[in-house]
file input_36.pdb (PDB, C-alpha atoms, pLDDT in the B column)
ATOM      1  CA  MET A   9       0.000   0.000   0.000  1.00 92.00           C
ATOM      2  CA  LYS A  10       1.320   3.426  -0.974  1.00 97.00           C
ATOM      3  CA  ARG A  11       1.703   5.778   2.016  1.00 98.00           C
ATOM      4  CA  VAL A  12       1.171   9.450   1.185  1.00 98.00           C
ATOM      5  CA  GLY A  13       1.380  12.505   3.433  1.00 98.00           C
ATOM      6  CA  LEU A  14      -0.667  15.608   2.661  1.00 98.00           C
ATOM      7  CA  LEU A  15       0.640  18.976   3.883  1.00 98.00           C
ATOM      8  CA  GLY A  16      -1.944  21.642   3.161  1.00 96.00           C
ATOM      9  CA  GLY A  17      -1.827  25.398   3.540  1.00 94.00           C
ATOM     10  CA  ALA A  18      -1.761  28.744   1.808  1.00 93.00           C
ATOM     11  CA  PHE A  19       2.071  28.716   1.641  1.00 95.00           C
ATOM     12  CA  ASN A  20       1.929  32.502   1.520  1.00 95.00           C
ATOM     13  CA  PRO A  21       4.935  32.414   1.430  1.00 96.00           C
ATOM     14  CA  PRO A  22       6.352  28.890   1.816  1.00 96.00           C
ATOM     15  CA  HIS A  23       9.041  28.960   4.494  1.00 95.00           C
ATOM     16  CA  GLU A  24      11.635  26.712   6.101  1.00 95.00           C
ATOM     17  CA  GLY A  25       9.162  25.602   8.773  1.00 93.00           C
ATOM     18  CA  HIS A  26       7.001  24.017   6.071  1.00 95.00           C
ATOM     19  CA  LEU A  27      10.029  22.286   4.581  1.00 96.00           C
ATOM     20  CA  LYS A  28      11.295  21.030   7.946  1.00 95.00           C
ATOM     21  CA  LEU A  29       7.833  19.656   8.745  1.00 95.00           C
ATOM     22  CA  ALA A  30       7.779  17.792   5.444  1.00 97.00           C
ATOM     23  CA  LEU A  31      11.177  16.215   6.116  1.00 96.00           C
ATOM     24  CA  LEU A  32      10.140  15.197   9.644  1.00 95.00           C
ATOM     25  CA  ALA A  33       7.042  13.528   8.237  1.00 97.00           C
ATOM     26  CA  LEU A  34       9.052  11.663   5.611  1.00 97.00           C
ATOM     27  CA  ASP A  35      11.516  10.420   8.217  1.00 94.00           C
ATOM     28  CA  HIS A  36       9.043   9.413  10.932  1.00 96.00           C
ATOM     29  CA  LEU A  37       6.048   8.091   8.963  1.00 97.00           C
ATOM     30  CA  ASP A  38       7.750   5.856   6.391  1.00 96.00           C
ATOM     31  CA  LEU A  39       6.092   7.789   3.555  1.00 98.00           C
ATOM     32  CA  ASP A  40       6.422   6.922  -0.107  1.00 98.00           C
ATOM     33  CA  GLU A  41       5.418  10.442  -1.064  1.00 98.00           C
ATOM     34  CA  LEU A  42       4.622  13.811   0.506  1.00 98.00           C
ATOM     35  CA  ARG A  43       2.378  16.260  -1.309  1.00 98.00           C
ATOM     36  CA  PHE A  44       2.170  19.967  -0.601  1.00 98.00           C
ATOM     37  CA  VAL A  45      -1.469  20.918  -1.220  1.00 98.00           C
ATOM     38  CA  PRO A  46      -1.916  24.691  -1.605  1.00 96.00           C
ATOM     39  CA  THR A  47      -5.397  25.969  -0.812  1.00 94.00           C
ATOM     40  CA  ALA A  48      -7.461  27.931  -3.291  1.00 89.00           C
ATOM     41  CA  LEU A  49      -9.270  29.727  -0.447  1.00 85.00           C
ATOM     42  CA  SER A  50      -9.007  28.813   3.215  1.00 80.00           C
ATOM     43  CA  PRO A  51     -12.395  28.370   4.923  1.00 79.00           C
ATOM     44  CA  HIS A  52     -10.790  28.887   8.346  1.00 71.00           C
ATOM     45  CA  LYS A  53      -8.935  32.174   7.792  1.00 70.00           C
ATOM     46  CA  PRO A  54      -9.746  35.473   6.064  1.00 65.00           C
ATOM     47  CA  ASP A  55      -7.835  36.241   2.894  1.00 67.00           C
ATOM     48  CA  PRO A  56      -4.505  37.674   4.124  1.00 67.00           C
ATOM     49  CA  GLY A  57      -3.720  39.330   0.813  1.00 71.00           C
ATOM     50  CA  GLY A  58      -0.412  38.903  -0.956  1.00 80.00           C
ATOM     51  CA  PRO A  59       0.255  37.469  -4.397  1.00 90.00           C
ATOM     52  CA  GLY A  60      -2.293  35.411  -6.302  1.00 89.00           C
ATOM     53  CA  ILE A  61      -2.311  31.656  -6.574  1.00 91.00           C
ATOM     54  CA  ASP A  62      -0.067  31.547  -9.658  1.00 94.00           C
ATOM     55  CA  ALA A  63       2.701  33.360  -7.782  1.00 95.00           C
ATOM     56  CA  ARG A  64       2.211  31.190  -4.695  1.00 95.00           C
ATOM     57  CA  LEU A  65       2.557  28.071  -6.832  1.00 96.00           C
ATOM     58  CA  ARG A  66       5.789  29.402  -8.335  1.00 96.00           C
ATOM     59  CA  LEU A  67       7.168  30.104  -4.875  1.00 97.00           C
ATOM     60  CA  LEU A  68       6.211  26.636  -3.648  1.00 97.00           C
ATOM     61  CA  THR A  69       7.806  24.997  -6.677  1.00 97.00           C
ATOM     62  CA  GLU A  70      10.989  26.967  -6.023  1.00 97.00           C
ATOM     63  CA  ALA A  71      10.932  26.000  -2.341  1.00 97.00           C
ATOM     64  CA  LEU A  72      10.854  22.284  -3.166  1.00 97.00           C
ATOM     65  CA  LYS A  73      13.833  22.348  -5.516  1.00 95.00           C
ATOM     66  CA  GLY A  74      16.495  20.064  -4.106  1.00 93.00           C
ATOM     67  CA  LEU A  75      14.432  19.198  -1.007  1.00 95.00           C
ATOM     68  CA  ASP A  76      13.576  15.495  -1.425  1.00 97.00           C
ATOM     69  CA  ASP A  77      12.499  13.587  -4.515  1.00 96.00           C
ATOM     70  CA  ARG A  78       9.481  12.267  -2.635  1.00 97.00           C
ATOM     71  CA  CYS A  79       8.012  15.785  -2.280  1.00 98.00           C
ATOM     72  CA  ARG A  80       5.798  17.366  -4.901  1.00 98.00           C
ATOM     73  CA  VAL A  81       3.026  19.933  -5.324  1.00 98.00           C
ATOM     74  CA  ASP A  82      -0.557  18.704  -5.764  1.00 98.00           C
ATOM     75  CA  THR A  83      -2.869  21.374  -7.226  1.00 98.00           C
ATOM     76  CA  ILE A  84      -6.133  19.506  -6.628  1.00 98.00           C
ATOM     77  CA  GLU A  85      -7.615  22.270  -4.431  1.00 97.00           C
ATOM     78  CA  VAL A  86      -6.490  25.067  -6.739  1.00 96.00           C
ATOM     79  CA  GLU A  87      -8.043  23.310  -9.726  1.00 95.00           C
ATOM     80  CA  ARG A  88     -11.307  22.765  -7.828  1.00 95.00           C
ATOM     81  CA  GLY A  89     -11.444  26.429  -6.787  1.00 92.00           C
ATOM     82  CA  GLY A  90     -13.577  27.995  -4.069  1.00 91.00           C
ATOM     83  CA  ALA A  91     -13.187  27.214  -0.388  1.00 90.00           C
ATOM     84  CA  SER A  92     -10.751  24.342   0.160  1.00 93.00           C
ATOM     85  CA  TYR A  93     -12.224  21.723   2.482  1.00 95.00           C
ATOM     86  CA  THR A  94     -10.018  18.801   3.485  1.00 97.00           C
ATOM     87  CA  VAL A  95     -12.881  16.313   3.326  1.00 98.00           C
ATOM     88  CA  ASP A  96     -13.565  17.184  -0.333  1.00 98.00           C
ATOM     89  CA  THR A  97      -9.898  16.742  -1.172  1.00 98.00           C
ATOM     90  CA  LEU A  98      -9.680  13.369   0.570  1.00 98.00           C
ATOM     91  CA  GLU A  99     -12.828  12.065  -1.080  1.00 98.00           C
ATOM     92  CA  SER A 100     -11.527  13.080  -4.515  1.00 98.00           C
ATOM     93  CA  LEU A 101      -8.092  11.587  -3.919  1.00 98.00           C
ATOM     94  CA  SER A 102      -9.576   8.353  -2.553  1.00 98.00           C
ATOM     95  CA  ARG A 103     -11.637   7.941  -5.705  1.00 98.00           C
ATOM     96  CA  GLN A 104      -8.701   8.725  -7.977  1.00 97.00           C
ATOM     97  CA  GLU A 105      -6.153   6.575  -6.119  1.00 98.00           C
ATOM     98  CA  PRO A 106      -7.897   3.687  -4.382  1.00 97.00           C
ATOM     99  CA  GLY A 107      -5.741   1.642  -2.062  1.00 95.00           C
ATOM    100  CA  THR A 108      -3.560   4.575  -1.030  1.00 98.00           C
ATOM    101  CA  ALA A 109      -3.082   5.302   2.683  1.00 98.00           C
ATOM    102  CA  TRP A 110      -3.402   9.018   3.467  1.00 98.00           C
ATOM    103  CA  ILE A 111      -2.097  10.992   6.436  1.00 98.00           C
ATOM    104  CA  LEU A 112      -2.553  14.707   7.052  1.00 98.00           C
ATOM    105  CA  ILE A 113       0.535  16.587   8.255  1.00 98.00           C
ATOM    106  CA  MET A 114      -0.111  19.564  10.526  1.00 94.00           C
ATOM    107  CA  GLY A 115       1.190  21.704  13.363  1.00 89.00           C
ATOM    108  CA  SER A 116      -0.175  21.364  16.875  1.00 87.00           C
ATOM    109  CA  ASP A 117      -1.747  24.833  16.611  1.00 84.00           C
ATOM    110  CA  GLN A 118      -4.365  23.262  14.338  1.00 87.00           C
ATOM    111  CA  LEU A 119      -5.434  20.610  16.864  1.00 87.00           C
ATOM    112  CA  PRO A 120      -7.866  22.710  18.966  1.00 86.00           C
ATOM    113  CA  GLY A 121      -9.961  23.641  15.938  1.00 89.00           C
ATOM    114  CA  LEU A 122      -9.956  20.176  14.398  1.00 92.00           C
ATOM    115  CA  PRO A 123     -13.391  19.107  15.773  1.00 94.00           C
ATOM    116  CA  ASP A 124     -14.930  22.064  13.906  1.00 94.00           C
ATOM    117  CA  TRP A 125     -13.622  21.051  10.505  1.00 95.00           C
ATOM    118  CA  ARG A 126     -16.287  20.179   7.955  1.00 96.00           C
ATOM    119  CA  ARG A 127     -17.335  16.514   8.230  1.00 97.00           C
ATOM    120  CA  VAL A 128     -14.371  15.758  10.449  1.00 97.00           C
ATOM    121  CA  THR A 129     -15.596  12.223  11.203  1.00 96.00           C
ATOM    122  CA  ARG A 130     -15.507  11.482   7.476  1.00 97.00           C
ATOM    123  CA  ILE A 131     -11.972  12.894   7.272  1.00 97.00           C
ATOM    124  CA  PHE A 132     -10.776  10.296   9.767  1.00 97.00           C
ATOM    125  CA  GLU A 133     -12.626   7.524   7.954  1.00 97.00           C
ATOM    126  CA  LEU A 134     -10.377   8.300   4.996  1.00 98.00           C
ATOM    127  CA  ALA A 135      -7.114   9.387   6.594  1.00 98.00           C
ATOM    128  CA  SER A 136      -4.987   9.690   9.711  1.00 98.00           C
ATOM    129  CA  ALA A 137      -3.126  12.757  10.995  1.00 97.00           C
ATOM    130  CA  ALA A 138       0.402  13.482  12.196  1.00 97.00           C
ATOM    131  CA  VAL A 139       0.985  16.495  14.411  1.00 95.00           C
ATOM    132  CA  ALA A 140       4.268  18.316  14.976  1.00 92.00           C
ATOM    133  CA  LEU A 141       4.264  19.638  18.515  1.00 83.00           C
ATOM    134  CA  ARG A 142       5.321  23.196  19.225  1.00 76.00           C
ATOM    135  CA  PRO A 143       7.873  23.617  22.053  1.00 68.00           C
ATOM    136  CA  GLY A 144       6.088  23.095  25.357  1.00 69.00           C
ATOM    137  CA  ALA A 145       2.842  21.966  23.722  1.00 72.00           C
ATOM    138  CA  ARG A 146       1.083  18.835  24.956  1.00 76.00           C
ATOM    139  CA  PHE A 147      -0.196  16.087  22.670  1.00 79.00           C
ATOM    140  CA  LEU A 148      -3.952  16.454  23.098  1.00 81.00           C
ATOM    141  CA  VAL A 149      -6.297  14.086  21.295  1.00 86.00           C
ATOM    142  CA  PRO A 150      -9.225  16.075  19.852  1.00 86.00           C
ATOM    143  CA  GLN A 151     -12.783  15.016  20.648  1.00 87.00           C
ATOM    144  CA  VAL A 152     -13.509  13.421  17.285  1.00 91.00           C
ATOM    145  CA  ALA A 153     -15.338  10.121  16.950  1.00 90.00           C
ATOM    146  CA  GLY A 154     -13.135   7.257  15.788  1.00 89.00           C
ATOM    147  CA  VAL A 155      -9.793   8.996  16.384  1.00 95.00           C
ATOM    148  CA  GLN A 156      -7.205   7.232  18.522  1.00 94.00           C
ATOM    149  CA  ALA A 157      -3.675   8.225  19.470  1.00 95.00           C
ATOM    150  CA  VAL A 158      -1.001   5.707  18.477  1.00 96.00           C
ATOM    151  CA  PRO A 159       2.806   5.725  18.769  1.00 95.00           C
ATOM    152  CA  THR A 160       3.398   4.923  15.091  1.00 97.00           C
ATOM    153  CA  TRP A 161       1.161   5.110  12.025  1.00 98.00           C
ATOM    154  CA  SER A 162       0.024   1.688  10.829  1.00 98.00           C
ATOM    155  CA  GLY A 163      -1.301   2.988   7.499  1.00 98.00           C
ATOM    156  CA  GLU A 164      -4.898   2.686   8.648  1.00 97.00           C
ATOM    157  CA  PRO A 165      -7.231   5.721   8.893  1.00 98.00           C
ATOM    158  CA  GLY A 166      -8.405   7.182  12.180  1.00 97.00           C
ATOM    159  CA  GLU A 167      -4.998   7.343  13.852  1.00 97.00           C
ATOM    160  CA  LEU A 168      -3.275  10.356  15.401  1.00 97.00           C
ATOM    161  CA  VAL A 169       0.500  10.352  15.835  1.00 96.00           C
ATOM    162  CA  ALA A 170       2.936  12.905  17.212  1.00 93.00           C
ATOM    163  CA  LEU A 171       5.924  14.229  15.282  1.00 93.00           C
ATOM    164  CA  PRO A 172       8.914  15.934  16.901  1.00 88.00           C
ATOM    165  CA  PRO A 173       8.860  19.743  16.870  1.00 85.00           C
ATOM    166  CA  THR A 174      10.488  21.432  13.888  1.00 85.00           C
ATOM    167  CA  GLY A 175      12.530  23.665  16.184  1.00 85.00           C
ATOM    168  CA  LEU A 176      11.619  26.641  13.984  1.00 83.00           C
ATOM    169  CA  ASP A 177       9.246  29.343  15.182  1.00 82.00           C
ATOM    170  CA  LEU A 178       8.106  30.705  11.816  1.00 86.00           C
ATOM    171  CA  ALA A 179       4.779  32.078  10.639  1.00 87.00           C
ATOM    172  CA  SER A 180       3.855  33.253   7.158  1.00 91.00           C
ATOM    173  CA  THR A 181       1.970  36.203   8.687  1.00 90.00           C
ATOM    174  CA  ASP A 182       5.167  37.536  10.305  1.00 93.00           C
ATOM    175  CA  LEU A 183       7.203  36.957   7.161  1.00 94.00           C
ATOM    176  CA  ARG A 184       4.700  38.874   5.009  1.00 94.00           C
ATOM    177  CA  GLU A 185       4.904  41.827   7.393  1.00 93.00           C
ATOM    178  CA  ARG A 186       8.697  41.838   7.382  1.00 94.00           C
ATOM    179  CA  LEU A 187       8.758  41.644   3.585  1.00 94.00           C
ATOM    180  CA  ARG A 188       6.395  44.611   3.294  1.00 92.00           C
ATOM    181  CA  GLU A 189       8.414  46.695   5.753  1.00 93.00           C
ATOM    182  CA  ALA A 190      11.841  45.910   4.255  1.00 92.00           C
ATOM    183  CA  PRO A 191      11.375  44.352   0.790  1.00 89.00           C
ATOM    184  CA  LEU A 192      15.087  44.365  -0.038  1.00 86.00           C
ATOM    185  CA  GLU A 193      16.180  42.675   3.182  1.00 91.00           C
ATOM    186  CA  ASP A 194      16.257  38.989   4.073  1.00 94.00           C
ATOM    187  CA  PRO A 195      13.528  38.413   6.701  1.00 94.00           C
ATOM    188  CA  GLY A 196      14.980  35.008   7.607  1.00 93.00           C
ATOM    189  CA  GLY A 197      13.182  31.700   7.285  1.00 95.00           C
ATOM    190  CA  LEU A 198      13.008  31.641   3.486  1.00 96.00           C
ATOM    191  CA  SER A 199      15.108  29.537   1.140  1.00 96.00           C
ATOM    192  CA  PRO A 200      17.407  31.554  -1.172  1.00 95.00           C
ATOM    193  CA  GLN A 201      15.389  30.577  -4.246  1.00 96.00           C
ATOM    194  CA  VAL A 202      12.089  31.673  -2.653  1.00 97.00           C
ATOM    195  CA  LEU A 203      13.540  34.977  -1.445  1.00 96.00           C
ATOM    196  CA  GLY A 204      15.107  35.578  -4.848  1.00 95.00           C
ATOM    197  CA  THR A 205      11.788  35.025  -6.618  1.00 96.00           C
ATOM    198  CA  ILE A 206       9.944  37.309  -4.168  1.00 96.00           C
ATOM    199  CA  GLN A 207      12.447  40.102  -4.701  1.00 94.00           C
ATOM    200  CA  SER A 208      12.767  39.725  -8.473  1.00 94.00           C
ATOM    201  CA  GLU A 209       8.968  39.732  -8.912  1.00 94.00           C
ATOM    202  CA  ASN A 210       8.378  42.488  -6.331  1.00 93.00           C
ATOM    203  CA  LEU A 211       5.962  40.328  -4.326  1.00 94.00           C
ATOM    204  CA  TYR A 212       4.589  41.297  -0.881  1.00 92.00           C
ATOM    205  CA  ARG A 213       5.222  45.024  -1.401  1.00 87.00           C
TER     206      ARG A 213
END

call {"tool": "encode", "arguments": {"input": "input_36.pdb", "output": "structure tokens"}}
result
Amino acid sequence: MKRVGLLGGAFNPPHEGHLKLALLALDHLDLDELRFVPTALSPHKPDPGGPGIDARLRLLTEALKGLDDRCRVDTIEVERGGASYTVDTLESLSRQEPGTAWILIMGSDQLPGLPDWRRVTRIFELASAAVALRPGARFLVPQVAGVQAVPTWSGEPGELVALPPTGLDLASTDLRERLREAPLEDPGGLSPQVLGTIQSENLYR
């Protein structure tokens, strides 16, 4: 059975925290593949502004250059358009690639809101989740029917596993602000190819 991790987000911009999380997931979950899944429109957050989806896709493609051959961009949510709901993405992927084992990759800051995700019970009928803990954060199992904490992912859906912290305290919101305030300076936390593209295309100004 093919084991695939799904790392979703706006990636606005993609930073080293995203990349470190992907590498942790590859190392700890025995994944065959990890897909970065950029959202078309997040249902959980207001539009933060910044470049359009075409520019975000270019930045994400640049970020993944030389990272790991098992990483790639999946544009399923961009192609679908509208609000990007995880359950819709999982149902589409499960139809397209039957027999694949799916696991969502996320930070622990997303755990408290997980029970409010659309059709969350269905999400965990189709996939498991791996959570990278922030420094000092506890591994709390959300109140979602059918979800159980396990030490290692078996490949079955409905499991919740902990990943080590990335050790990087980065947020796209902070990076966007720094880029607006000092567009010619390196804000830190961005790969050279991503920063170069941002500066050459005058993004986030």

call {"tool": "resolve_selection", "arguments": {"input": "input_36.pdb", "expression": "the PyMOL selection byres ((chain A and resi 53) around 12)", "output": "PyMOL selection string"}}
result
chain A and resi 17-18+47-52+54-57+91-92+118+121+181

call {"tool": "atom_distance", "arguments": {"input": "input_36.pdb", "atom1": "atom CA of Phe132 of chain A", "atom2": "atom CA of Ala71 of chain A"}}
result
29.4 Å

call {"tool": "resolve_selection", "arguments": {"input": "input_36.pdb", "expression": "the PyMOL selection byres ((chain A and resi 102-113) around 8)", "output": "PDB file with C-alpha atoms, in the coordinates of the input"}}
result
ATOM      1  CA  MET A   9       0.000   0.000   0.000  1.00 92.00           C
ATOM      2  CA  LYS A  10       1.320   3.426  -0.974  1.00 97.00           C
ATOM      3  CA  ARG A  11       1.703   5.778   2.016  1.00 98.00           C
ATOM      4  CA  VAL A  12       1.171   9.450   1.185  1.00 98.00           C
ATOM      5  CA  GLY A  13       1.380  12.505   3.433  1.00 98.00           C
ATOM      6  CA  LEU A  14      -0.667  15.608   2.661  1.00 98.00           C
ATOM      7  CA  LEU A  15       0.640  18.976   3.883  1.00 98.00           C
ATOM      8  CA  GLY A  16      -1.944  21.642   3.161  1.00 96.00           C
ATOM      9  CA  LEU A  29       7.833  19.656   8.745  1.00 95.00           C
ATOM     10  CA  ALA A  30       7.779  17.792   5.444  1.00 97.00           C
ATOM     11  CA  ALA A  33       7.042  13.528   8.237  1.00 97.00           C
ATOM     12  CA  LEU A  98      -9.680  13.369   0.570  1.00 98.00           C
ATOM     13  CA  GLU A  99     -12.828  12.065  -1.080  1.00 98.00           C
ATOM     14  CA  SER A 100     -11.527  13.080  -4.515  1.00 98.00           C
ATOM     15  CA  LEU A 101      -8.092  11.587  -3.919  1.00 98.00           C
ATOM     16  CA  MET A 114      -0.111  19.564  10.526  1.00 94.00           C
ATOM     17  CA  GLY A 115       1.190  21.704  13.363  1.00 89.00           C
ATOM     18  CA  LEU A 134     -10.377   8.300   4.996  1.00 98.00           C
ATOM     19  CA  ALA A 135      -7.114   9.387   6.594  1.00 98.00           C
ATOM     20  CA  SER A 136      -4.987   9.690   9.711  1.00 98.00           C
ATOM     21  CA  ALA A 137      -3.126  12.757  10.995  1.00 97.00           C
ATOM     22  CA  ALA A 138       0.402  13.482  12.196  1.00 97.00           C
ATOM     23  CA  VAL A 139       0.985  16.495  14.411  1.00 95.00           C
ATOM     24  CA  ALA A 140       4.268  18.316  14.976  1.00 92.00           C
ATOM     25  CA  GLY A 163      -1.301   2.988   7.499  1.00 98.00           C
ATOM     26  CA  GLU A 164      -4.898   2.686   8.648  1.00 97.00           C
ATOM     27  CA  PRO A 165      -7.231   5.721   8.893  1.00 98.00           C
TER      28      PRO A 165
END

call {"tool": "resolve_selection", "arguments": {"input": "input_36.pdb", "expression": "the PyMOL selection byres ((chain A and resi 62) around 12)", "output": "number ranges by chain"}}
result
A: 18-20, 46-48, 58-61, 63-69, 83, 86-87, 211

call {"tool": "closest_residue", "arguments": {"input": "input_36.pdb", "among": "A:Leu32, A:Leu122, A:Cys79, A:Leu187", "to": "Pro173 of chain A", "atoms": "all atoms listed in the file"}}
result
A:Leu32

call {"tool": "atom_distance", "arguments": {"input": "input_36.pdb", "atom1": "atom CA of Val202 of chain A", "atom2": "atom CA of Glu189 of chain A"}}
result
17.6 Å

call {"tool": "atom_distance", "arguments": {"input": "input_36.pdb", "atom1": "atom CA of Tyr93 of chain A", "atom2": "atom CA of Phe44 of chain A"}}
result
14.8 Å

call {"tool": "closest_residue", "arguments": {"input": "input_36.pdb", "among": "A:Asp182, A:Asp40, A:Asp177, A:Glu209", "to": "Asp117 of chain A", "atoms": "only C-alpha atoms"}}
result
A:Asp177

call {"tool": "closest_residue", "arguments": {"input": "input_36.pdb", "among": "A:Tyr212, A:Val45, A:Leu75, A:Gln151", "to": "Arg88 of chain A", "atoms": "all atoms listed in the file"}}
result
A:Val45

call {"tool": "axis_aligned_box", "arguments": {"input": "input_36.pdb", "around": "segment 75-93 of chain A", "padding_each_side": "3 Å", "output": "lines of an AutoDock Vina configuration file"}}
result
center_x = 0.4
center_y = 20.1
center_z = -3.6
size_x = 34.0
size_y = 21.7
size_z = 18.2

call {"tool": "build_atoms", "arguments": {"input": "input_36.pdb", "residues": "segment 10-26 of chain A", "atoms": "N, CA and C atoms", "output": "PDB file, in the coordinates of the input"}}
result
ATOM      1  N   LYS A  10       0.585   2.179  -0.888  1.00 97.00           N
ATOM      2  CA  LYS A  10       1.320   3.426  -0.974  1.00 97.00           C
ATOM      3  C   LYS A  10       0.939   4.337   0.189  1.00 97.00           C
ATOM      4  N   ARG A  11       1.928   4.907   0.861  1.00 98.00           N
ATOM      5  CA  ARG A  11       1.703   5.778   2.016  1.00 98.00           C
ATOM      6  C   ARG A  11       2.029   7.211   1.612  1.00 98.00           C
ATOM      7  N   VAL A  12       1.021   8.081   1.685  1.00 98.00           N
ATOM      8  CA  VAL A  12       1.171   9.450   1.185  1.00 98.00           C
ATOM      9  C   VAL A  12       0.791  10.453   2.265  1.00 98.00           C
ATOM     10  N   GLY A  13       1.667  11.409   2.521  1.00 98.00           N
ATOM     11  CA  GLY A  13       1.380  12.505   3.433  1.00 98.00           C
ATOM     12  C   GLY A  13       0.862  13.702   2.666  1.00 98.00           C
ATOM     13  N   LEU A  14      -0.082  14.409   3.266  1.00 98.00           N
ATOM     14  CA  LEU A  14      -0.667  15.608   2.661  1.00 98.00           C
ATOM     15  C   LEU A  14      -0.419  16.795   3.591  1.00 98.00           C
ATOM     16  N   LEU A  15       0.339  17.766   3.117  1.00 98.00           N
ATOM     17  CA  LEU A  15       0.640  18.976   3.883  1.00 98.00           C
ATOM     18  C   LEU A  15      -0.051  20.141   3.197  1.00 98.00           C
ATOM     19  N   GLY A  16      -1.163  20.578   3.768  1.00 96.00           N
ATOM     20  CA  GLY A  16      -1.944  21.642   3.161  1.00 96.00           C
ATOM     21  C   GLY A  16      -1.651  22.999   3.765  1.00 96.00           C
ATOM     22  N   GLY A  17      -2.002  24.048   3.034  1.00 94.00           N
ATOM     23  CA  GLY A  17      -1.827  25.398   3.540  1.00 94.00           C
ATOM     24  C   GLY A  17      -1.836  26.409   2.416  1.00 94.00           C
ATOM     25  N   ALA A  18      -1.814  27.675   2.808  1.00 93.00           N
ATOM     26  CA  ALA A  18      -1.761  28.744   1.808  1.00 93.00           C
ATOM     27  C   ALA A  18      -0.348  28.897   1.238  1.00 93.00           C
ATOM     28  N   PHE A  19       0.667  28.564   2.046  1.00 95.00           N
ATOM     29  CA  PHE A  19       2.071  28.716   1.641  1.00 95.00           C
ATOM     30  C   PHE A  19       2.288  30.126   1.089  1.00 95.00           C
ATOM     31  N   ASN A  20       1.988  31.104   1.940  1.00 95.00           N
ATOM     32  CA  ASN A  20       1.929  32.502   1.520  1.00 95.00           C
ATOM     33  C   ASN A  20       2.810  33.371   2.422  1.00 95.00           C
ATOM     34  N   PRO A  21       4.152  33.245   2.338  1.00 96.00           N
ATOM     35  CA  PRO A  21       4.935  32.414   1.430  1.00 96.00           C
ATOM     36  C   PRO A  21       5.330  31.085   2.067  1.00 96.00           C
ATOM     37  N   PRO A  22       5.818  30.135   1.256  1.00 96.00           N
ATOM     38  CA  PRO A  22       6.352  28.890   1.816  1.00 96.00           C
ATOM     39  C   PRO A  22       7.685  29.171   2.516  1.00 96.00           C
ATOM     40  N   HIS A  23       7.831  28.657   3.737  1.00 95.00           N
ATOM     41  CA  HIS A  23       9.041  28.960   4.494  1.00 95.00           C
ATOM     42  C   HIS A  23       9.716  27.683   4.986  1.00 95.00           C
ATOM     43  N   GLU A  24      10.831  27.861   5.675  1.00 95.00           N
ATOM     44  CA  GLU A  24      11.635  26.712   6.101  1.00 95.00           C
ATOM     45  C   GLU A  24      10.912  25.848   7.126  1.00 95.00           C
ATOM     46  N   GLY A  25       9.960  26.415   7.858  1.00 93.00           N
ATOM     47  CA  GLY A  25       9.162  25.602   8.773  1.00 93.00           C
ATOM     48  C   GLY A  25       8.338  24.570   8.033  1.00 93.00           C
ATOM     49  N   HIS A  26       7.750  24.969   6.893  1.00 95.00           N
ATOM     50  CA  HIS A  26       7.001  24.017   6.071  1.00 95.00           C
ATOM     51  C   HIS A  26       7.913  22.894   5.584  1.00 95.00           C
TER      52      HIS A  26
END
